[in-house]
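Novice: I'm passing along model-v2.cif; it holds mmCIF, C-alpha atoms.
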data_protein
loop_
_atom_site.label_atom_id
_atom_site.label_comp_id
_atom_site.auth_asym_id
_atom_site.auth_seq_id
_atom_site.Cartn_x
_atom_site.Cartn_y
_atom_site.Cartn_z
CA MET K 1 -21.96 -39.04 22.00
CA PRO K 2 -19.55 -40.74 19.58
CA ASP K 3 -16.69 -42.74 21.07
CA PHE K 4 -14.25 -40.46 19.22
CA LEU K 5 -14.89 -37.35 17.15
CA ALA K 6 -12.32 -35.37 15.18
CA VAL K 7 -13.21 -32.29 13.15
CA ILE K 8 -10.53 -30.84 10.87
CA ALA K 9 -11.21 -27.92 8.56
CA GLY K 10 -9.41 -25.22 6.62
CA LYS K 11 -8.68 -23.75 3.23
CA ASP K 12 -5.52 -25.81 2.69
CA GLU K 13 -6.78 -29.28 1.72
CA PHE K 14 -3.31 -30.86 2.13
CA LEU K 15 -3.10 -29.99 5.82
CA VAL K 16 -6.73 -30.98 6.44
CA GLU K 17 -6.26 -34.34 4.71
CA GLU K 18 -2.99 -34.98 6.54
CA ASP K 19 -4.54 -34.48 9.98
CA ALA K 20 -7.73 -36.33 9.13
CA LEU K 21 -5.80 -39.37 7.87
CA LYS K 22 -3.78 -39.44 11.09
CA PHE K 23 -6.91 -39.37 13.28
CA TYR K 24 -8.67 -41.94 11.09
CA ARG K 25 -5.80 -44.39 11.46
CA GLU K 26 -5.68 -43.81 15.21
CA ALA K 27 -9.43 -44.40 15.50
CA VAL K 28 -9.25 -47.62 13.46
CA LYS K 29 -6.40 -48.91 15.60
CA LYS K 30 -8.26 -48.07 18.82
CA ALA K 31 -11.49 -49.69 17.57
CA GLY K 32 -9.78 -53.04 17.11
CA SER K 33 -9.49 -55.63 14.37
CA ASP K 34 -13.22 -56.48 14.32
CA ALA K 35 -14.29 -52.87 13.68
CA ASP K 36 -16.10 -51.80 10.53
CA THR K 37 -14.69 -48.85 8.60
CA GLN K 38 -16.34 -46.61 6.03
CA ILE K 39 -15.02 -43.60 4.12
CA ILE K 40 -17.71 -41.38 2.59
CA SER K 41 -16.76 -38.85 -0.07
CA ALA K 42 -18.62 -35.68 0.90
CA GLN K 43 -17.78 -33.48 -2.08
CA ILE K 44 -20.72 -31.91 -3.87
CA THR K 45 -20.78 -30.49 -7.37
CA ARG K 46 -24.56 -30.01 -7.44
CA VAL K 47 -27.05 -29.08 -4.74
CA GLU K 48 -28.79 -32.43 -5.27
CA ASP K 49 -25.64 -34.29 -4.18
CA ALA K 50 -26.03 -33.09 -0.58
CA LEU K 51 -29.21 -35.06 0.11
CA GLN K 52 -27.67 -38.28 -1.22
CA ILE K 53 -24.57 -37.84 0.95
CA GLU K 54 -26.76 -37.07 3.97
CA ARG K 55 -28.64 -40.36 3.44
CA GLU K 56 -25.42 -42.34 3.04
CA PHE K 57 -23.97 -40.81 6.18
CA SER K 58 -27.15 -41.42 8.18
CA GLU K 59 -27.21 -45.08 7.13
CA ALA K 60 -23.52 -45.47 8.01
CA ILE K 61 -24.13 -44.25 11.56
CA ALA K 62 -27.30 -46.32 12.01
CA THR K 63 -25.85 -49.54 10.59
CA LEU K 64 -23.52 -51.03 13.16
CA SER K 65 -21.38 -54.14 12.91
CA MET K 66 -23.19 -57.51 12.85
CA PHE K 67 -20.80 -58.80 15.49
CA GLY K 68 -21.21 -55.93 17.89
CA GLY K 69 -17.89 -54.30 17.11
CA LYS K 70 -17.24 -50.62 16.76
CA LYS K 71 -17.47 -48.56 13.58
CA VAL K 72 -15.19 -45.82 12.24
CA ILE K 73 -16.61 -43.37 9.69
CA TRP K 74 -14.63 -40.73 7.83
CA LEU K 75 -16.72 -37.99 6.22
CA ARG K 76 -14.06 -36.89 3.79
CA ASN K 77 -13.53 -33.74 1.71
CA LEU K 78 -16.68 -31.99 2.93
CA ASN K 79 -16.88 -28.89 0.73
CA TRP K 80 -20.26 -27.64 1.92
CA MET K 81 -18.84 -24.50 3.55
CA ALA K 82 -16.63 -23.32 0.70
CA GLY K 83 -18.44 -20.07 -0.06
CA THR K 84 -19.65 -21.38 -3.43
CA LYS K 85 -23.13 -21.02 -4.90
CA GLN K 86 -23.91 -24.63 -4.02
CA SER K 87 -22.72 -24.31 -0.41
CA GLU K 88 -24.88 -21.22 0.11
CA SER K 89 -28.10 -22.93 -0.99
CA ALA K 90 -30.82 -23.55 1.60
CA GLU K 91 -30.99 -27.29 0.76
CA VAL K 92 -27.28 -27.83 1.40
CA LYS K 93 -27.36 -25.85 4.65
CA GLU K 94 -30.36 -27.88 5.84
CA SER K 95 -28.65 -31.21 5.06
CA LEU K 96 -25.48 -30.02 6.80
CA THR K 97 -27.44 -29.07 9.93
CA HIS K 98 -29.08 -32.52 10.01
CA MET K 99 -25.73 -34.27 9.63
CA LEU K 100 -24.04 -32.27 12.39
CA GLU K 101 -26.97 -32.98 14.73
CA LEU K 102 -26.66 -36.66 13.89
CA VAL K 103 -22.94 -36.60 14.70
CA ALA K 104 -23.51 -35.08 18.14
CA LYS K 105 -26.23 -37.65 18.99
CA SER K 106 -24.48 -40.79 17.67
CA ASN K 107 -23.73 -43.58 20.16
CA ASP K 108 -20.40 -44.59 21.68
CA LEU K 109 -19.87 -47.50 19.27
CA VAL K 110 -19.14 -45.03 16.50
CA SER K 111 -16.02 -42.95 15.86
CA ILE K 112 -16.34 -40.12 13.35
CA ILE K 113 -13.73 -38.07 11.50
CA ILE K 114 -14.87 -35.03 9.50
CA SER K 115 -12.48 -33.29 7.11
CA ALA K 116 -13.85 -30.08 5.57
CA SER K 117 -12.01 -28.15 2.86
CA PRO K 118 -12.04 -25.57 1.43
CA LEU K 119 -13.57 -23.57 4.25
CA ASP K 120 -14.97 -20.07 4.00
CA GLY K 121 -13.73 -18.39 7.17
CA ARG K 122 -17.13 -16.72 7.66
CA ARG K 123 -18.93 -20.05 8.06
CA LYS K 124 -19.32 -21.16 11.68
CA ASP K 125 -21.41 -24.32 11.18
CA LEU K 126 -18.77 -26.65 12.62
CA GLN K 127 -18.64 -24.71 15.89
CA ALA K 128 -21.71 -26.72 16.93
CA LEU K 129 -19.40 -29.74 17.36
CA LYS K 130 -16.56 -28.02 19.17
CA SER K 131 -17.83 -28.86 22.64
CA VAL K 132 -18.23 -32.59 21.89
CA ALA K 133 -15.20 -33.15 19.65
CA ASN K 134 -12.08 -34.86 20.96
CA GLU K 135 -10.06 -33.05 18.30
CA PHE K 136 -11.21 -29.78 16.75
CA ILE K 137 -8.74 -28.15 14.36
CA VAL K 138 -9.33 -25.20 12.05
CA HIS K 139 -6.16 -24.41 10.12
CA THR K 140 -5.39 -20.72 9.78
CA PHE K 141 -5.10 -19.35 6.27
CA ALA K 142 -1.63 -18.92 4.80
CA SER K 143 -0.44 -15.36 4.41
CA GLN K 144 -0.13 -14.27 0.78
CA LYS K 145 2.85 -12.15 1.85
CA PRO K 146 4.77 -14.07 4.52
CA TRP K 147 6.80 -11.04 5.55
CA GLU K 148 3.60 -9.20 6.49
CA ASN K 149 2.06 -11.90 8.66
CA GLN K 150 4.16 -14.67 10.15
CA GLY K 151 1.06 -16.69 10.99
CA GLU K 152 1.09 -20.29 12.19
CA GLN K 153 0.59 -21.79 8.74
CA THR K 154 3.17 -19.55 7.09
CA VAL K 155 5.80 -20.43 9.70
CA MET K 156 4.97 -24.10 9.29
CA GLN K 157 5.30 -23.95 5.50
CA ILE K 158 8.64 -22.14 5.64
CA SER K 159 9.87 -24.78 8.08
CA ARG K 160 8.75 -27.60 5.77
CA VAL K 161 10.42 -26.00 2.77
CA THR K 162 13.68 -25.71 4.69
CA ALA K 163 13.48 -29.30 5.94
CA LEU K 164 12.68 -30.75 2.53
CA PHE K 165 15.51 -28.88 0.81
CA LYS K 166 17.92 -30.23 3.42
CA LYS K 167 16.52 -33.75 3.07
CA LEU K 168 17.05 -33.56 -0.71
CA GLY K 169 20.60 -32.29 -0.23
CA ILE K 170 19.89 -28.94 -1.86
CA LYS K 171 21.37 -25.62 -0.73
CA PHE K 172 19.36 -22.39 -0.99
CA GLU K 173 19.73 -18.65 -0.52
CA PRO K 174 18.34 -17.37 2.82
CA ASP K 175 15.24 -15.74 1.32
CA VAL K 176 14.18 -18.68 -0.89
CA PRO K 177 11.69 -20.27 1.57
CA GLU K 178 9.90 -16.94 2.10
CA VAL K 179 9.76 -16.18 -1.61
CA LEU K 180 8.45 -19.67 -2.40
CA VAL K 181 5.77 -19.57 0.29
CA GLY K 182 4.76 -16.08 -0.80
CA ARG K 183 4.32 -17.34 -4.35
CA VAL K 184 2.29 -20.51 -3.73
CA GLY K 185 1.66 -20.43 0.03
CA GLU K 186 -2.10 -20.88 -0.24
CA SER K 187 -1.47 -24.59 -0.90
CA THR K 188 0.97 -26.60 1.21
CA ARG K 189 0.78 -29.44 -1.30
CA MET K 190 1.86 -27.05 -4.06
CA VAL K 191 4.67 -25.65 -1.90
CA LEU K 192 6.21 -29.08 -1.35
CA MET K 193 5.79 -30.08 -4.99
CA GLU K 194 7.58 -26.92 -6.09
CA VAL K 195 10.46 -27.65 -3.69
CA GLU K 196 10.96 -31.00 -5.43
CA LYS K 197 10.75 -29.33 -8.83
CA LEU K 198 13.37 -26.75 -7.86
CA ALA K 199 15.62 -29.53 -6.55
CA ILE K 200 15.46 -31.26 -9.94
CA TYR K 201 16.13 -27.94 -11.69
CA VAL K 202 19.37 -27.15 -9.81
CA GLY K 203 20.50 -30.79 -9.62
CA PRO K 204 22.10 -32.79 -6.78
CA GLY K 205 24.09 -30.55 -4.46
CA GLY K 206 22.95 -27.42 -6.31
CA THR K 207 21.87 -24.09 -4.84
CA VAL K 208 18.41 -22.61 -5.34
CA LYS K 209 18.28 -18.84 -5.72
CA ALA K 210 15.30 -16.53 -5.33
CA ARG K 211 15.58 -15.84 -9.05
CA ASP K 212 15.12 -19.58 -9.74
CA VAL K 213 11.87 -19.55 -7.74
CA LEU K 214 10.53 -16.63 -9.77
CA PHE K 215 11.55 -18.30 -13.02
CA ILE K 216 10.40 -21.87 -12.29
CA VAL K 217 7.44 -21.52 -9.92
CA PRO K 218 4.15 -20.14 -11.31
CA PRO K 219 2.02 -17.91 -9.06
CA PHE K 220 -0.78 -19.78 -7.29
CA GLY K 221 -4.13 -18.37 -6.21
CA GLU K 222 -3.84 -14.68 -5.44
CA GLY K 223 -0.06 -14.55 -5.32
CA GLU K 224 1.25 -11.24 -6.63
CA PHE K 225 4.94 -11.81 -7.15
CA PHE K 226 5.93 -10.79 -10.66
CA GLU K 227 9.19 -11.96 -12.15
CA PRO K 228 9.67 -8.80 -14.28
CA ILE K 229 9.68 -6.68 -11.11
CA GLU K 230 12.44 -8.80 -9.62
CA ALA K 231 14.41 -8.58 -12.88
CA PHE K 232 13.96 -4.80 -12.82
CA ALA K 233 15.15 -4.74 -9.20
CA ALA K 234 18.29 -6.64 -10.17
CA ARG K 235 18.84 -4.27 -13.13
CA ASP K 236 19.22 -7.28 -15.41
CA LEU K 237 18.10 -6.32 -18.93
CA LYS K 238 18.28 -9.81 -20.46
CA TRP K 239 16.31 -11.38 -17.61
CA ALA K 240 13.80 -8.52 -17.65
CA LEU K 241 13.00 -8.85 -21.35
CA GLU K 242 12.72 -12.64 -21.11
CA SER K 243 10.43 -12.33 -18.10
CA LEU K 244 8.20 -9.88 -19.99
CA ASP K 245 7.87 -12.47 -22.77
CA ARG K 246 6.74 -15.01 -20.18
CA TYR K 247 4.37 -12.55 -18.51
CA PHE K 248 2.60 -11.55 -21.74
CA PHE K 249 2.40 -15.17 -22.87
CA ASN K 250 -0.26 -15.60 -20.16
CA GLU K 251 -1.51 -12.04 -19.66
CA SER K 252 -2.88 -9.44 -22.06
CA SER K 253 -2.96 -6.45 -19.72
CA CYS K 254 0.04 -4.63 -18.25
CA ARG K 255 -2.01 -3.11 -15.42
CA PRO K 256 -1.42 -5.74 -12.69
CA LEU K 257 2.31 -5.63 -13.37
CA LEU K 258 2.36 -1.83 -13.49
CA ALA K 259 0.52 -1.63 -10.18
CA GLY K 260 3.08 -3.94 -8.57
CA LEU K 261 5.95 -2.00 -10.12
CA GLN K 262 4.60 1.34 -8.91
CA ASN K 263 4.23 0.01 -5.37
CA ARG K 264 7.83 -1.16 -5.45
CA LEU K 265 9.03 2.15 -6.87
CA ARG K 266 7.30 4.11 -4.09
CA LEU K 267 9.30 2.17 -1.52
CA LEU K 268 12.53 2.44 -3.51
CA ILE K 269 12.21 6.21 -3.84
CA GLN K 270 11.88 6.53 -0.06
CA ILE K 271 14.80 4.17 0.60
CA ARG K 272 17.02 5.93 -1.93
CA SER K 273 16.14 9.29 -0.36
CA LEU K 274 17.11 7.99 3.09
CA ALA K 275 20.38 6.68 1.67
CA ASP K 276 21.17 9.97 -0.08
CA SER K 277 20.50 11.88 3.15
CA GLY K 278 22.92 9.63 5.06
CA ASP K 279 20.29 7.88 7.19
CA LEU K 280 20.96 4.50 5.58
CA LYS K 281 23.81 2.72 3.90
CA ILE K 282 22.71 0.51 1.03
CA THR K 283 24.71 -2.36 -0.44
CA ALA K 284 23.98 -4.87 -3.21
CA THR K 285 22.56 -7.19 -0.54
CA GLY K 286 20.37 -4.59 1.16
CA ILE K 287 20.47 -2.56 4.35
CA PRO K 288 22.92 -3.62 7.10
CA LYS K 289 21.27 -5.00 10.23
CA GLY K 290 19.96 -2.39 12.63
CA GLN K 291 20.11 0.62 10.30
CA PHE K 292 16.50 0.46 9.16
CA GLU K 293 15.28 0.19 12.76
CA THR K 294 17.32 3.31 13.61
CA ALA K 295 15.75 5.19 10.70
CA VAL K 296 12.29 4.09 11.85
CA GLY K 297 12.92 5.57 15.29
CA ARG K 298 14.16 8.80 13.74
CA HIS K 299 11.57 9.43 11.02
CA ALA K 300 8.50 7.20 11.46
CA ALA K 301 6.57 9.81 13.46
CA THR K 302 6.74 12.17 10.47
CA PHE K 303 4.50 9.82 8.47
CA GLY K 304 1.82 9.71 11.17
CA SER K 305 -0.34 6.67 10.42
CA ALA K 306 1.17 3.24 10.91
CA ALA K 307 -1.27 1.64 8.44
CA LYS K 308 0.57 -0.56 5.97
CA SER K 309 1.07 1.26 2.68
CA SER K 310 3.71 1.50 -0.02
CA ALA K 311 3.54 5.27 0.55
CA ASN K 312 5.05 4.72 4.01
CA VAL K 313 8.25 2.70 3.95
CA PHE K 314 8.29 2.60 7.76
CA SER K 315 5.02 0.65 7.83
CA GLN K 316 6.71 -2.28 6.05
CA ASN K 317 8.25 -5.38 7.60
CA THR K 318 11.92 -4.80 8.42
CA TRP K 319 13.11 -8.06 6.83
CA TYR K 320 11.18 -7.34 3.63
CA VAL K 321 12.50 -3.78 3.23
CA SER K 322 16.07 -4.59 4.21
CA THR K 323 16.61 -7.73 2.13
CA GLN K 324 13.97 -7.80 -0.61
CA VAL K 325 13.42 -4.16 -1.59
CA ALA K 326 16.54 -2.22 -0.65
CA PRO K 327 19.03 -4.04 -2.95
CA ALA K 328 17.31 -2.46 -5.97
CA ALA K 329 17.92 1.02 -4.54
CA PHE K 330 21.63 0.24 -4.75
CA HIS K 331 21.32 -0.10 -8.53
CA TYR K 332 19.36 3.11 -9.23
CA THR K 333 19.73 6.82 -8.58
CA LEU K 334 16.85 8.84 -7.13
CA SER K 335 16.28 10.65 -10.44
CA GLU K 336 16.08 7.33 -12.30
CA LEU K 337 13.47 6.01 -9.87
CA ILE K 338 11.35 9.17 -10.14
CA ASP K 339 11.54 9.05 -13.95
CA LEU K 340 10.44 5.41 -13.85
CA GLN K 341 7.44 6.25 -11.67
CA LEU K 342 6.40 8.94 -14.16
CA ALA K 343 6.92 6.47 -17.03
CA CYS K 344 4.54 4.02 -15.36
CA THR K 345 1.84 6.72 -15.40
CA GLU K 346 2.46 7.24 -19.13
CA CYS K 347 2.16 3.49 -19.67
CA PHE K 348 -1.21 3.46 -17.89
CA ASP K 349 -2.38 6.25 -20.22
CA ILE K 350 -1.28 4.25 -23.27
CA SER K 351 -3.14 1.19 -22.00
CA ASN K 352 -6.30 3.22 -21.29
CA SER K 353 -6.23 4.72 -24.78
CA GLY K 354 -6.09 1.30 -26.47
CA GLY K 355 -2.37 1.19 -27.15
CA ASP K 356 -0.18 -1.91 -27.14
CA ASP K 357 0.46 -2.81 -23.49
CA GLU K 358 3.43 -5.03 -24.17
CA VAL K 359 5.21 -2.53 -26.42
CA ALA K 360 4.70 0.28 -23.91
CA LEU K 361 5.98 -1.75 -20.96
CA ARG K 362 8.93 -3.12 -22.90
CA ALA K 363 9.91 0.46 -23.79
CA ILE K 364 9.92 1.40 -20.09
CA PHE K 365 12.21 -1.49 -19.23
CA LEU K 366 14.57 -0.75 -22.11
CA ARG K 367 14.90 2.91 -21.15
CA ALA K 368 15.43 2.09 -17.49
CA LEU K 369 17.82 -0.84 -17.80
CA ALA K 370 19.81 -0.27 -20.97
CA VAL K 371 21.34 3.07 -20.01
CA ARG K 372 22.66 4.21 -16.63
CA ARG K 373 22.64 7.92 -15.68
#
Mind converting the file's structure to structure tokens?
Specialist:
Amino acid sequence: MPDFLAVIAGKDEFLVEEDALKFYREAVKKAGSDADTQIISAQITRVEDALQIEREFSEAIATLSMFGGKKVIWLRNLNWMAGTKQSESAEVKESLTHMLELVAKSNDLVSIIISASPLDGRRKDLQALKSVANEFIVHTFASQKPWENQGEQTVMQISRVTALFKKLGIKFEPDVPEVLVGRVGESTRMVLMEVEKLAIYVGPGGTVKARDVLFIVPPFGEGEFFEPIEAFAARDLKWALESLDRYFFNESSCRPLLAGLQNRLRLLIQIRSLADSGDLKITATGIPKGQFETAVGRHAATFGSAAKSSANVFSQNTWYVSTQVAPAAFHYTLSELIDLQLACTECFDISNSGGDDEVALRAIFLRALAVRR
């Protein structure tokens, strides 16, 4: 068995690299000043690369120090379990099996650190080393919607955002960390970079607003926040039209945006109905604390299934509904929201018939935001 073995894997390469570097430095320090060190880049772009890396790794383990000292090897950025075409090939899987067997059988003069990212959660290859590893860490995936799943990584990222803003001397609205993580939370590195960018944008001592995040920070990965929806929610015509310009600069289809808008409208119609019936009081900042929970106890059973759906407002996270969705219901009447939902259907029909997506969507926003009923 190796003297020390650390296995760190996950989808977020920043977190994997951070932990691996920490263990590598600890192993080097423990091995002493006469130890040999070797860092092997384990990234493959072709299937043929795997065999070459396997040979290099095998030689590194077999070749010990001339003076009898210990050796520390870091197999870095192993992307052989990423769910790509290359990682699914039989040759790569065979080389990976050989390497993992070699790790488990290496002698106690060798310390090994393995950092694997990105990692397809379905791959269990590394589990073969769990029983012999001194450190075995698989980072959980970040939630794309932090209000739906306050997982370990999401909580950690929100905490880091908060700490970095404070370190930079920047104030921020309460929902900014959640909005930022929801927008780029698949990458911790990207999250922290965007915090620094926002700090530069608002200037020393400035305050970051959720609107700034939507304006400055581009969506990452599968993020589904859309600035035009937030502009619609704020009933801000100027911002809405500018955000549509930005959206259609990168996108040609209105369908993703329409789908997001319809989901939001379904929730708003339910919230507005509850407010009109006297079950909720809505303000420009949302639903006062405790009122949504009371409404859940009173009406949730009527909806039956607790499965999360925009058709069931009671299946949503309380924080999300109360602070992120409800403020828009303050700005619209129930009839306006229903008319908007019908207009979205018309816009889909225009898109399906080959019409101009941007013109159709801009017309919806103009009708909804320019005139109050």
Novice: Please determine, counting only C-alpha atoms, which residue among K:Arg298, K:Glu358, K:Ala368, K:Arg235 has the shortest atom-to-atom distance to Pro327 in chain K.
Specialist: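 Smallest distance to Pro327 in chain K is found for K:Arg235.
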Novice: Convert the output of the PyMOL selection byres ((chain K and resi 179) around 9) on the shown file into explicit residues, formatted as a PyMOL selection string.
Specialist: chain K and resi 145-146+175-178+180-184+210+213-214+225
Novice: Take the residues from that selection and write them out as a PDB file, in the frame of the given file, keeping C-alpha atoms.
Specialist:
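What ended up in again.pdb:
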ATOM      1  CA  LYS K 145       2.850 -12.150   1.850  1.00  0.00           C
ATOM      2  CA  PRO K 146       4.770 -14.070   4.520  1.00  0.00           C
ATOM      3  CA  ASP K 175      15.240 -15.740   1.320  1.00  0.00           C
ATOM      4  CA  VAL K 176      14.180 -18.680  -0.890  1.00  0.00           C
ATOM      5  CA  PRO K 177      11.690 -20.270   1.570  1.00  0.00           C
ATOM      6  CA  GLU K 178       9.900 -16.940   2.100  1.00  0.00           C
ATOM      7  CA  LEU K 180       8.450 -19.670  -2.400  1.00  0.00           C
ATOM      8  CA  VAL K 181       5.770 -19.570   0.290  1.00  0.00           C
ATOM      9  CA  GLY K 182       4.760 -16.080  -0.800  1.00  0.00           C
ATOM     10  CA  ARG K 183       4.320 -17.340  -4.350  1.00  0.00           C
ATOM     11  CA  VAL K 184       2.290 -20.510  -3.730  1.00  0.00           C
ATOM     12  CA  ALA K 210      15.300 -16.530  -5.330  1.00  0.00           C
ATOM     13  CA  VAL K 213      11.870 -19.550  -7.740  1.00  0.00           C
ATOM     14  CA  LEU K 214      10.530 -16.630  -9.770  1.00  0.00           C
ATOM     15  CA  PHE K 225       4.940 -11.810  -7.150  1.00  0.00           C
TER      16      PHE K 225
END
Novice: To test your reading of the syntax: which residues would the PyMOL selection byres ((chain K and resi 252-261) around 12) return for the file shown? Reply as an mmCIF file with C-alpha atoms, keeping the file's coordinate frame.
Specialist:
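Heads up, here's the output in out-v3.cif:
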data_model
loop_
_atom_site.group_PDB
_atom_site.id
_atom_site.type_symbol
_atom_site.label_atom_id
_atom_site.label_comp_id
_atom_site.auth_asym_id
_atom_site.auth_seq_id
_atom_site.Cartn_x
_atom_site.Cartn_y
_atom_site.Cartn_z
ATOM 1 C CA GLU K 222 -3.840 -14.680 -5.440
ATOM 2 C CA GLY K 223 -0.060 -14.550 -5.320
ATOM 3 C CA GLU K 224 1.250 -11.240 -6.630
ATOM 4 C CA PHE K 225 4.940 -11.810 -7.150
ATOM 5 C CA PHE K 226 5.930 -10.790 -10.660
ATOM 6 C CA GLU K 227 9.190 -11.960 -12.150
ATOM 7 C CA PRO K 228 9.670 -8.800 -14.280
ATOM 8 C CA ILE K 229 9.680 -6.680 -11.110
ATOM 9 C CA GLU K 230 12.440 -8.800 -9.620
ATOM 10 C CA ALA K 231 14.410 -8.580 -12.880
ATOM 11 C CA PHE K 232 13.960 -4.800 -12.820
ATOM 12 C CA ALA K 233 15.150 -4.740 -9.200
ATOM 13 C CA SER K 243 10.430 -12.330 -18.100
ATOM 14 C CA LEU K 244 8.200 -9.880 -19.990
ATOM 15 C CA ASP K 245 7.870 -12.470 -22.770
ATOM 16 C CA ARG K 246 6.740 -15.010 -20.180
ATOM 17 C CA TYR K 247 4.370 -12.550 -18.510
ATOM 18 C CA PHE K 248 2.600 -11.550 -21.740
ATOM 19 C CA PHE K 249 2.400 -15.170 -22.870
ATOM 20 C CA ASN K 250 -0.260 -15.600 -20.160
ATOM 21 C CA GLU K 251 -1.510 -12.040 -19.660
ATOM 22 C CA GLN K 262 4.600 1.340 -8.910
ATOM 23 C CA ASN K 263 4.230 0.010 -5.370
ATOM 24 C CA ARG K 264 7.830 -1.160 -5.450
ATOM 25 C CA LEU K 265 9.030 2.150 -6.870
ATOM 26 C CA ARG K 266 7.300 4.110 -4.090
ATOM 27 C CA LEU K 267 9.300 2.170 -1.520
ATOM 28 C CA LEU K 268 12.530 2.440 -3.510
ATOM 29 C CA SER K 310 3.710 1.500 -0.020
ATOM 30 C CA VAL K 325 13.420 -4.160 -1.590
ATOM 31 C CA LEU K 337 13.470 6.010 -9.870
ATOM 32 C CA LEU K 340 10.440 5.410 -13.850
ATOM 33 C CA GLN K 341 7.440 6.250 -11.670
ATOM 34 C CA LEU K 342 6.400 8.940 -14.160
ATOM 35 C CA ALA K 343 6.920 6.470 -17.030
ATOM 36 C CA CYS K 344 4.540 4.020 -15.360
ATOM 37 C CA THR K 345 1.840 6.720 -15.400
ATOM 38 C CA GLU K 346 2.460 7.240 -19.130
ATOM 39 C CA CYS K 347 2.160 3.490 -19.670
ATOM 40 C CA PHE K 348 -1.210 3.460 -17.890
ATOM 41 C CA ASP K 349 -2.380 6.250 -20.220
ATOM 42 C CA ILE K 350 -1.280 4.250 -23.270
ATOM 43 C CA SER K 351 -3.140 1.190 -22.000
ATOM 44 C CA ASN K 352 -6.300 3.220 -21.290
ATOM 45 C CA GLY K 354 -6.090 1.300 -26.470
ATOM 46 C CA GLY K 355 -2.370 1.190 -27.150
ATOM 47 C CA ASP K 356 -0.180 -1.910 -27.140
ATOM 48 C CA ASP K 357 0.460 -2.810 -23.490
ATOM 49 C CA GLU K 358 3.430 -5.030 -24.170
ATOM 50 C CA VAL K 359 5.210 -2.530 -26.420
ATOM 51 C CA ALA K 360 4.700 0.280 -23.910
ATOM 52 C CA LEU K 361 5.980 -1.750 -20.960
ATOM 53 C CA ARG K 362 8.930 -3.120 -22.900
ATOM 54 C CA ILE K 364 9.920 1.400 -20.090
ATOM 55 C CA PHE K 365 12.210 -1.490 -19.230
#
Novice: I'd like to know which of K:Leu126, K:Val202, K:Leu369, K:Ile8 is closest to Arg76 in chain K, using all atoms listed in the file.
Specialist: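 Residue with the minimum atom-to-atom distance to Arg76 in chain K: K:Ile8.
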Novice: Spell out the residues picked by the PyMOL selection byres ((chain K and resi 159) around 12) here, as a list in words.
Specialist: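 With the PyMOL selection byres ((chain K and resi 159) around 12) on this model, the match is Gln150, Glu152, Gln153, Thr154, Val155, Met156, Gln157, Ile158, Arg160, Val161, Thr162, Ala163, Leu164, Phe165, Lys166, Val176, Pro177, Glu178, Leu180, Val181, Thr188, Val191 and Leu192 of chain K.
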Novice: For the selection you just gave me, I'd like the residues written to a file as a PDB file, keeping the file's coordinate frame, keeping C-alpha atoms.
Specialist:
ATOM      1  CA  GLN K 150       4.160 -14.670  10.150  1.00  0.00           C
ATOM      2  CA  GLU K 152       1.090 -20.290  12.190  1.00  0.00           C
ATOM      3  CA  GLN K 153       0.590 -21.790   8.740  1.00  0.00           C
ATOM      4  CA  THR K 154       3.170 -19.550   7.090  1.00  0.00           C
ATOM      5  CA  VAL K 155       5.800 -20.430   9.700  1.00  0.00           C
ATOM      6  CA  MET K 156       4.970 -24.100   9.290  1.00  0.00           C
ATOM      7  CA  GLN K 157       5.300 -23.950   5.500  1.00  0.00           C
ATOM      8  CA  ILE K 158       8.640 -22.140   5.640  1.00  0.00           C
ATOM      9  CA  ARG K 160       8.750 -27.600   5.770  1.00  0.00           C
ATOM     10  CA  VAL K 161      10.420 -26.000   2.770  1.00  0.00           C
ATOM     11  CA  THR K 162      13.680 -25.710   4.690  1.00  0.00           C
ATOM     12  CA  ALA K 163      13.480 -29.300   5.940  1.00  0.00           C
ATOM     13  CA  LEU K 164      12.680 -30.750   2.530  1.00  0.00           C
ATOM     14  CA  PHE K 165      15.510 -28.880   0.810  1.00  0.00           C
ATOM     15  CA  LYS K 166      17.920 -30.230   3.420  1.00  0.00           C
ATOM     16  CA  VAL K 176      14.180 -18.680  -0.890  1.00  0.00           C
ATOM     17  CA  PRO K 177      11.690 -20.270   1.570  1.00  0.00           C
ATOM     18  CA  GLU K 178       9.900 -16.940   2.100  1.00  0.00           C
ATOM     19  CA  LEU K 180       8.450 -19.670  -2.400  1.00  0.00           C
ATOM     20  CA  VAL K 181       5.770 -19.570   0.290  1.00  0.00           C
ATOM     21  CA  THR K 188       0.970 -26.600   1.210  1.00  0.00           C
ATOM     22  CA  VAL K 191       4.670 -25.650  -1.900  1.00  0.00           C
ATOM     23  CA  LEU K 192       6.210 -29.080  -1.350  1.00  0.00           C
TER      24      LEU K 192
END
Novice: Could you work out how far CA of Ser95 in chain K lies from CA of Gln127 in chain K, giving the answer in Å with one decimal?
Specialist: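 That distance, rounded to one decimal, is 16.1 Å.
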Novice: In Å, with one decimal, what is the gap from CA of Asp19 in chain K to CA of Ile114 in chain K?
Specialist: 10.4 Å
